[in-house]
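Student: I am sharing query-v5.csv, which consists of CSV, N, CA and C atoms:
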```csv
chain,number,residue,atom,x,y,z
A,1,MET,N,272.7,73.6,150.9
A,1,MET,CA,273.3,73.1,152.1
A,1,MET,C,274.8,73.5,152.2
A,2,ALA,N,275.3,73.9,151.1
A,2,ALA,CA,276.7,74.3,151.0
A,2,ALA,C,277.0,75.5,152.0
A,3,LYS,N,276.1,76.4,152.1
A,3,LYS,CA,276.3,77.5,153.1
A,3,LYS,C,276.3,77.0,154.5
A,4,GLU,N,275.5,76.1,154.8
A,4,GLU,CA,275.5,75.6,156.2
A,4,GLU,C,276.8,74.9,156.5
A,5,SER,N,277.3,74.1,155.5
A,5,SER,CA,278.6,73.5,155.7
A,5,SER,C,279.7,74.5,155.9
A,6,SER,N,279.6,75.6,155.1
A,6,SER,CA,280.7,76.6,155.2
A,6,SER,C,280.7,77.3,156.6
A,7,LYS,N,279.5,77.5,157.2
A,7,LYS,CA,279.4,78.1,158.5
A,7,LYS,C,280.1,77.1,159.5
A,8,GLN,N,279.8,75.9,159.4
A,8,GLN,CA,280.4,74.9,160.3
A,8,GLN,C,281.9,74.8,160.2
A,9,LYS,N,282.3,74.9,158.9
A,9,LYS,CA,283.8,74.8,158.7
A,9,LYS,C,284.5,76.0,159.3
A,10,LEU,N,283.9,77.2,159.1
A,10,LEU,CA,284.5,78.4,159.7
A,10,LEU,C,284.5,78.3,161.2
A,11,ALA,N,283.5,77.8,161.8
A,11,ALA,CA,283.5,77.7,163.3
A,11,ALA,C,284.5,76.7,163.7
A,12,ASN,N,284.6,75.6,163.0
A,12,ASN,CA,285.6,74.6,163.3
A,12,ASN,C,287.0,75.1,163.2
A,13,PHE,N,287.2,76.0,162.2
A,13,PHE,CA,288.5,76.6,161.9
A,13,PHE,C,288.9,77.5,163.1
A,14,ILE,N,287.9,78.3,163.6
A,14,ILE,CA,288.1,79.2,164.7
A,14,ILE,C,288.6,78.4,165.9
A,15,GLN,N,287.9,77.3,166.2
A,15,GLN,CA,288.2,76.4,167.3
A,15,GLN,C,289.6,75.9,167.2
A,16,SER,N,290.0,75.5,166.0
A,16,SER,CA,291.3,75.0,165.7
A,16,SER,C,292.4,76.0,165.9
A,17,LEU,N,292.1,77.2,165.5
A,17,LEU,CA,293.1,78.3,165.7
A,17,LEU,C,293.2,78.7,167.2
A,18,GLN,N,292.1,78.6,167.9
A,18,GLN,CA,292.1,78.9,169.3
A,18,GLN,C,292.9,77.9,170.1
A,19,GLN,N,292.8,76.6,169.6
A,19,GLN,CA,293.7,75.6,170.3
A,19,GLN,C,295.2,75.8,169.9
A,20,SER,N,295.4,76.3,168.7
A,20,SER,CA,296.8,76.6,168.3
A,20,SER,C,297.4,77.7,169.2
A,21,VAL,N,296.6,78.7,169.5
A,21,VAL,CA,297.0,79.8,170.3
A,21,VAL,C,297.4,79.3,171.7
A,22,LYS,N,296.5,78.4,172.2
A,22,LYS,CA,296.8,77.8,173.6
A,22,LYS,C,298.2,77.0,173.5
A,23,ASP,N,298.3,76.3,172.4
A,23,ASP,CA,299.6,75.5,172.3
A,23,ASP,C,300.8,76.4,172.2
A,24,ALA,N,300.7,77.5,171.4
A,24,ALA,CA,301.8,78.4,171.4
A,24,ALA,C,302.1,79.1,172.7
A,25,GLN,N,301.0,79.4,173.4
A,25,GLN,CA,301.2,80.1,174.7
A,25,GLN,C,301.8,79.1,175.7
A,26,SER,N,301.6,77.8,175.5
A,26,SER,CA,302.2,76.8,176.5
A,26,SER,C,303.8,76.8,176.3
A,27,LEU,N,304.3,77.4,175.3
A,27,LEU,CA,305.7,77.5,175.0
A,27,LEU,C,306.3,78.8,175.6
A,28,TYR,N,305.6,79.6,176.2
A,28,TYR,CA,306.1,80.9,176.7
A,28,TYR,C,307.1,80.7,177.8
A,29,ASP,N,307.0,79.6,178.5
A,29,ASP,CA,308.0,79.4,179.6
A,29,ASP,C,309.3,78.8,179.2
A,30,ASP,N,309.4,78.5,177.9
A,30,ASP,CA,310.7,78.0,177.3
A,30,ASP,C,311.5,79.2,176.7
A,31,ALA,N,312.6,79.5,177.4
A,31,ALA,CA,313.3,80.7,177.0
A,31,ALA,C,313.8,80.7,175.6
A,32,ASP,N,314.1,79.5,175.0
A,32,ASP,CA,314.6,79.5,173.6
A,32,ASP,C,313.4,79.7,172.6
A,33,LEU,N,312.2,79.4,173.0
A,33,LEU,CA,311.1,79.5,172.1
A,33,LEU,C,310.1,80.7,172.4
A,34,LYS,N,310.3,81.4,173.5
A,34,LYS,CA,309.3,82.3,174.0
A,34,LYS,C,309.1,83.4,172.9
A,35,ASP,N,310.1,84.0,172.4
A,35,ASP,CA,309.9,85.1,171.4
A,35,ASP,C,309.1,84.6,170.2
A,36,TRP,N,309.5,83.4,169.7
A,36,TRP,CA,308.8,82.9,168.5
A,36,TRP,C,307.4,82.5,168.9
A,37,ALA,N,307.2,81.9,170.0
A,37,ALA,CA,305.8,81.5,170.5
A,37,ALA,C,304.9,82.8,170.6
A,38,VAL,N,305.4,83.8,171.2
A,38,VAL,CA,304.6,85.0,171.4
A,38,VAL,C,304.2,85.6,170.0
A,39,ASP,N,305.2,85.7,169.1
A,39,ASP,CA,304.9,86.2,167.7
A,39,ASP,C,303.8,85.3,167.0
A,40,HIS,N,304.0,84.0,167.2
A,40,HIS,CA,303.1,83.0,166.5
A,40,HIS,C,301.7,83.1,167.1
A,41,SER,N,301.7,83.3,168.4
A,41,SER,CA,300.4,83.4,169.1
A,41,SER,C,299.6,84.7,168.6
A,42,LEU,N,300.4,85.8,168.5
A,42,LEU,CA,299.8,87.0,168.1
A,42,LEU,C,299.3,86.9,166.6
A,43,ASP,N,300.0,86.3,165.8
A,43,ASP,CA,299.6,86.0,164.4
A,43,ASP,C,298.3,85.2,164.3
A,44,LEU,N,298.3,84.2,165.1
A,44,LEU,CA,297.1,83.3,165.2
A,44,LEU,C,295.9,84.1,165.7
A,45,GLN,N,296.1,84.9,166.7
A,45,GLN,CA,295.0,85.7,167.2
A,45,GLN,C,294.4,86.7,166.1
A,46,GLU,N,295.3,87.2,165.3
A,46,GLU,CA,294.8,88.0,164.2
A,46,GLU,C,294.0,87.2,163.2
A,47,LYS,N,294.5,86.0,162.9
A,47,LYS,CA,293.8,85.1,162.0
A,47,LYS,C,292.4,84.8,162.5
A,48,ILE,N,292.3,84.6,163.8
A,48,ILE,CA,291.0,84.3,164.5
A,48,ILE,C,290.1,85.5,164.2
A,49,LYS,N,290.6,86.7,164.4
A,49,LYS,CA,289.7,87.9,164.2
A,49,LYS,C,289.2,87.9,162.7
A,50,ASP,N,290.1,87.6,161.8
A,50,ASP,CA,289.8,87.6,160.4
A,50,ASP,C,288.7,86.6,160.1
A,51,VAL,N,288.8,85.4,160.6
A,51,VAL,CA,287.8,84.3,160.4
A,51,VAL,C,286.5,84.7,161.0
A,52,LYS,N,286.5,85.2,162.2
A,52,LYS,CA,285.3,85.7,162.9
A,52,LYS,C,284.6,86.8,162.1
A,53,LYS,N,285.4,87.7,161.5
A,53,LYS,CA,284.8,88.8,160.7
A,53,LYS,C,284.1,88.2,159.5
A,54,LYS,N,284.8,87.2,158.9
A,54,LYS,CA,284.2,86.5,157.7
A,54,LYS,C,282.9,85.8,158.0
A,55,LEU,N,282.9,85.2,159.2
A,55,LEU,CA,281.6,84.5,159.6
A,55,LEU,C,280.5,85.5,159.8
A,56,LYS,N,280.9,86.6,160.4
A,56,LYS,CA,279.9,87.7,160.7
A,56,LYS,C,279.4,88.3,159.4
A,57,ASP,N,280.4,88.7,158.5
A,57,ASP,CA,280.1,89.4,157.3
A,57,ASP,C,279.3,88.5,156.3
A,58,LYS,N,279.7,87.2,156.2
A,58,LYS,CA,279.1,86.3,155.2
A,58,LYS,C,277.7,85.7,155.7
A,59,PHE,N,277.7,85.4,157.0
A,59,PHE,CA,276.5,84.6,157.5
A,59,PHE,C,275.8,85.3,158.7
A,60,SER,N,276.2,86.6,159.0
A,60,SER,CA,275.5,87.3,160.1
A,60,SER,C,275.6,86.6,161.4
A,61,ILE,N,276.6,85.8,161.7
A,61,ILE,CA,276.8,85.1,163.0
A,61,ILE,C,277.9,85.8,163.7
A,62,ASP,N,277.6,86.3,164.9
A,62,ASP,CA,278.6,86.9,165.7
A,62,ASP,C,279.1,85.9,166.7
A,63,TYR,N,280.3,85.3,166.5
A,63,TYR,CA,280.8,84.2,167.3
A,63,TYR,C,281.0,84.6,168.7
A,64,ASP,N,281.2,85.8,169.0
A,64,ASP,CA,281.5,86.3,170.4
A,64,ASP,C,280.3,87.0,171.0
A,65,SER,N,279.2,86.9,170.4
A,65,SER,CA,278.0,87.6,171.0
A,65,SER,C,277.8,87.3,172.4
A,66,THR,N,277.7,88.4,173.3
A,66,THR,CA,277.4,88.1,174.7
A,66,THR,C,276.0,87.7,174.9
A,67,ASP,N,275.1,88.1,174.0
A,67,ASP,CA,273.7,87.7,174.1
A,67,ASP,C,273.6,86.2,173.9
A,68,ALA,N,274.4,85.7,172.9
A,68,ALA,CA,274.4,84.2,172.6
A,68,ALA,C,274.9,83.5,173.8
A,69,LYS,N,276.0,84.0,174.4
A,69,LYS,CA,276.6,83.3,175.5
A,69,LYS,C,275.7,83.3,176.8
A,70,LYS,N,274.9,84.3,176.9
A,70,LYS,CA,274.0,84.4,178.1
A,70,LYS,C,272.8,83.5,177.9
A,71,LYS,N,272.4,83.2,176.7
A,71,LYS,CA,271.2,82.5,176.4
A,71,LYS,C,271.5,81.1,176.0
A,72,VAL,N,271.9,80.3,177.0
A,72,VAL,CA,272.2,78.9,176.8
A,72,VAL,C,271.0,78.0,176.7
A,73,ILE,N,270.9,77.3,175.6
A,73,ILE,CA,269.7,76.4,175.4
A,73,ILE,C,270.2,75.0,175.6
A,74,LYS,N,269.7,74.3,176.6
A,74,LYS,CA,270.1,72.9,176.9
A,74,LYS,C,269.8,71.9,175.8
A,75,GLU,N,270.7,70.9,175.6
A,75,GLU,CA,270.4,69.9,174.7
A,75,GLU,C,269.1,69.2,175.1
A,76,GLY,N,268.3,68.8,174.1
A,76,GLY,CA,267.0,68.2,174.3
A,76,GLY,C,265.9,69.1,174.4
A,77,SER,N,266.2,70.5,174.5
A,77,SER,CA,265.1,71.5,174.6
A,77,SER,C,264.3,71.6,173.4
A,78,GLU,N,263.0,71.8,173.5
A,78,GLU,CA,262.1,72.0,172.4
A,78,GLU,C,262.0,73.5,172.2
A,79,VAL,N,262.2,74.0,170.9
A,79,VAL,CA,262.2,75.4,170.6
A,79,VAL,C,261.3,75.6,169.4
A,80,GLU,N,260.8,76.9,169.3
A,80,GLU,CA,260.1,77.3,168.1
A,80,GLU,C,261.1,78.1,167.3
A,81,VAL,N,261.1,77.8,166.0
A,81,VAL,CA,262.0,78.5,165.0
A,81,VAL,C,261.4,79.9,164.6
A,82,LEU,N,262.2,80.9,164.8
A,82,LEU,CA,261.8,82.3,164.5
A,82,LEU,C,262.3,82.9,163.2
A,83,VAL,N,262.9,82.1,162.4
A,83,VAL,CA,263.4,82.5,161.1
A,83,VAL,C,262.9,81.6,160.0
A,84,ASN,N,263.1,82.1,158.8
A,84,ASN,CA,262.6,81.4,157.6
A,84,ASN,C,263.7,81.2,156.6
A,85,HIS,N,264.8,80.5,157.0
A,85,HIS,CA,265.9,80.3,156.1
A,85,HIS,C,265.4,79.5,154.9
A,86,MET,N,264.4,78.7,155.1
A,86,MET,CA,263.8,77.9,154.1
A,86,MET,C,262.2,78.0,154.2
A,87,ASP,N,261.5,77.8,153.1
A,87,ASP,CA,260.1,77.9,153.2
A,87,ASP,C,259.5,77.0,154.2
A,88,GLY,N,258.6,77.5,155.1
A,88,GLY,CA,258.0,76.6,156.1
A,88,GLY,C,258.8,76.5,157.4
A,89,MET,N,259.9,77.1,157.5
A,89,MET,CA,260.7,76.9,158.7
A,89,MET,C,260.2,77.8,159.8
A,90,TYR,N,259.7,79.0,159.5
A,90,TYR,CA,259.3,79.9,160.6
A,90,TYR,C,258.1,79.3,161.3
A,91,GLY,N,258.2,79.2,162.6
A,91,GLY,CA,257.1,78.7,163.4
A,91,GLY,C,257.2,77.2,163.6
A,92,SER,N,258.1,76.6,163.0
A,92,SER,CA,258.3,75.1,163.1
A,92,SER,C,258.9,74.8,164.5
A,93,THR,N,258.9,73.5,164.8
A,93,THR,CA,259.4,73.0,166.1
A,93,THR,C,260.8,72.4,165.9
A,94,ALA,N,261.7,72.6,166.8
A,94,ALA,CA,263.0,72.0,166.7
A,94,ALA,C,263.4,71.5,168.1
A,95,ILE,N,264.2,70.4,168.0
A,95,ILE,CA,264.7,69.8,169.3
A,95,ILE,C,266.3,70.1,169.2
A,96,ILE,N,266.8,70.7,170.2
A,96,ILE,CA,268.2,71.0,170.2
A,96,ILE,C,269.0,69.7,170.5
A,97,LYS,N,269.9,69.4,169.5
A,97,LYS,CA,270.7,68.2,169.7
A,97,LYS,C,272.0,68.4,170.3
A,98,SER,N,272.7,69.5,169.9
A,98,SER,CA,273.9,69.9,170.5
A,98,SER,C,274.1,71.4,170.5
A,99,TYR,N,274.7,71.9,171.5
A,99,TYR,CA,274.9,73.3,171.6
A,99,TYR,C,276.3,73.7,171.6
A,100,SER,N,276.6,74.6,170.7
A,100,SER,CA,278.0,75.1,170.6
A,100,SER,C,277.9,76.6,170.3
A,101,LEU,N,278.4,77.5,171.2
A,101,LEU,CA,278.3,78.9,170.9
A,101,LEU,C,278.9,79.2,169.5
A,102,PRO,N,278.2,80.1,168.8
A,102,PRO,CA,277.0,80.8,169.1
A,102,PRO,C,275.8,80.2,168.5
A,103,ALA,N,275.8,78.9,168.1
A,103,ALA,CA,274.7,78.3,167.5
A,103,ALA,C,274.6,76.9,167.9
A,104,ASN,N,273.5,76.2,167.4
A,104,ASN,CA,273.3,74.8,167.8
A,104,ASN,C,272.8,74.0,166.6
A,105,ILE,N,272.9,72.7,166.8
A,105,ILE,CA,272.4,71.7,165.8
A,105,ILE,C,271.1,71.2,166.3
A,106,SER,N,270.1,71.1,165.4
A,106,SER,CA,268.8,70.8,165.8
A,106,SER,C,268.1,69.8,164.8
A,107,ASP,N,267.2,69.0,165.3
A,107,ASP,CA,266.3,68.2,164.5
A,107,ASP,C,265.0,69.1,164.4
A,108,ILE,N,264.6,69.4,163.1
A,108,ILE,CA,263.5,70.3,162.9
A,108,ILE,C,262.4,69.6,162.2
A,109,THR,N,261.2,69.8,162.7
A,109,THR,CA,260.0,69.4,162.0
A,109,THR,C,259.3,70.6,161.4
A,110,MET,N,259.3,70.7,160.1
A,110,MET,CA,258.8,71.9,159.4
A,110,MET,C,257.2,71.9,159.6
A,111,LYS,N,256.6,73.0,159.3
A,111,LYS,CA,255.2,73.2,159.4
A,111,LYS,C,254.4,72.2,158.5
A,112,ASP,N,255.0,71.8,157.4
A,112,ASP,CA,254.4,70.9,156.5
A,112,ASP,C,254.7,69.5,156.8
A,113,GLY,N,255.4,69.2,157.9
A,113,GLY,CA,255.6,67.9,158.4
A,113,GLY,C,257.0,67.3,158.0
A,114,MET,N,257.7,68.0,157.0
A,114,MET,CA,259.0,67.5,156.6
A,114,MET,C,259.9,67.6,157.8
A,115,LYS,N,260.8,66.6,157.9
A,115,LYS,CA,261.7,66.6,159.0
A,115,LYS,C,263.2,66.7,158.5
A,116,MET,N,263.9,67.5,159.2
A,116,MET,CA,265.4,67.7,158.9
A,116,MET,C,266.1,67.3,160.2
A,117,ASN,N,266.9,66.3,160.1
A,117,ASN,CA,267.8,65.8,161.2
A,117,ASN,C,269.1,66.5,161.1
A,118,SER,N,269.6,66.9,162.3
A,118,SER,CA,271.0,67.5,162.4
A,118,SER,C,271.1,68.7,161.6
A,119,HIS,N,270.1,69.6,161.5
A,119,HIS,CA,270.2,70.9,160.8
A,119,HIS,C,271.2,71.7,161.6
A,120,LYS,N,272.1,72.3,160.9
A,120,LYS,CA,273.2,73.1,161.6
A,120,LYS,C,272.9,74.6,161.5
A,121,TRP,N,273.3,75.2,162.6
A,121,TRP,CA,273.4,76.6,162.7
A,121,TRP,C,272.0,77.4,162.8
A,122,LEU,N,271.3,77.1,163.8
A,122,LEU,CA,270.2,78.0,164.2
A,122,LEU,C,270.9,78.7,165.4
A,123,THR,N,271.0,80.0,165.3
A,123,THR,CA,271.6,80.8,166.5
A,123,THR,C,270.5,80.9,167.6
A,124,ASN,N,271.0,81.2,168.7
A,124,ASN,CA,270.1,81.4,169.9
A,124,ASN,C,269.0,82.4,169.6
A,125,ASP,N,269.3,83.5,168.9
A,125,ASP,CA,268.4,84.5,168.6
A,125,ASP,C,267.3,84.1,167.6
A,126,GLU,N,267.6,83.0,166.9
A,126,GLU,CA,266.6,82.5,165.9
A,126,GLU,C,265.6,81.5,166.4
A,127,VAL,N,265.7,81.2,167.7
A,127,VAL,CA,264.7,80.3,168.3
A,127,VAL,C,264.3,80.8,169.7
A,128,LYS,N,263.1,80.3,170.1
A,128,LYS,CA,262.7,80.6,171.5
A,128,LYS,C,262.2,79.3,172.1
A,129,LEU,N,262.5,79.2,173.4
A,129,LEU,CA,262.0,78.0,174.1
A,129,LEU,C,260.5,77.9,174.1
A,130,LYS,N,260.0,76.7,174.0
A,130,LYS,CA,258.5,76.4,174.1
A,130,LYS,C,258.1,76.2,175.5
```
Produce structure tokens that represent the structure in this file.
Tutor:
Amino acid sequence: MAKESSKQKLANFIQSLQQSVKDAQSLYDDADLKDWAVDHSLDLQEKIKDVKKKLKDKFSIDYDSTDAKKKVIKEGSEVEVLVNHMDGMYGSTAIIKSYSLPANISDITMKDGMKMNSHKWLTNDEVKLK
């Protein structure tokens, strides 16, 4: 489960950095802070790229995937799992609990009947609507 937690932490970190960029950009209209704010914003944007690269390299999740953004799965939707991260996962049924690009949190009922609540990080390409 440590890997799942790491994926979530990286996604949360990206969101935090994105908010910091917005905060820095809000200072652009202050003449005394503009130069510093622009430099800070650019540095943060580079950090975001680095974290997204780590997420993709380590976990094969493309945070900016246009396919993921086009394929929105509504909360409460029932889906079939198309991957086998764990034995018995492939072909199991999941209910989408919350959706956050590029992945979602699901309650999964494995083929053997075992249930996992709030399983994190099934990407849109790893499930299909039933």
Student: With only N, CA and C atoms as the atoms that count, which of A:Asp62, A:Glu80, A:Glu75, A:Asp125 lies nearest to A:Lys97?
Tutor: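 Residue with the minimum atom-to-atom distance to A:Lys97: A:Glu75.
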Student: Smallest atom-to-atom distance to A:Val81: which of A:Trp36, A:Gly113, A:Leu17, A:Glu126, using only N, CA and C atoms?
Tutor: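 For A:Val81, the nearest of the candidates is A:Glu126.
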Student: Record the distance separating atom CA of A:His119 and atom CA of A:Tyr90, expressed in Å with one decimal.
Tutor: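 Between these atoms lies a distance of 14.1 Å.
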Student: Measuring atom to atom with only C-alpha atoms, identify which of A:Lys115, A:Lys128, A:Lys7, A:Lys47 is nearest to A:Ile61.
Tutor: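 That would be A:Lys7, the residue with the smallest distance to A:Ile61.
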Student: So the first atom is atom N of A:Met86 and the second is atom C of A:Asp57; what is the distance between them in Å, to one decimal place?
Tutor: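 Separation of atom N of A:Met86 and atom C of A:Asp57: 17.9 Å.
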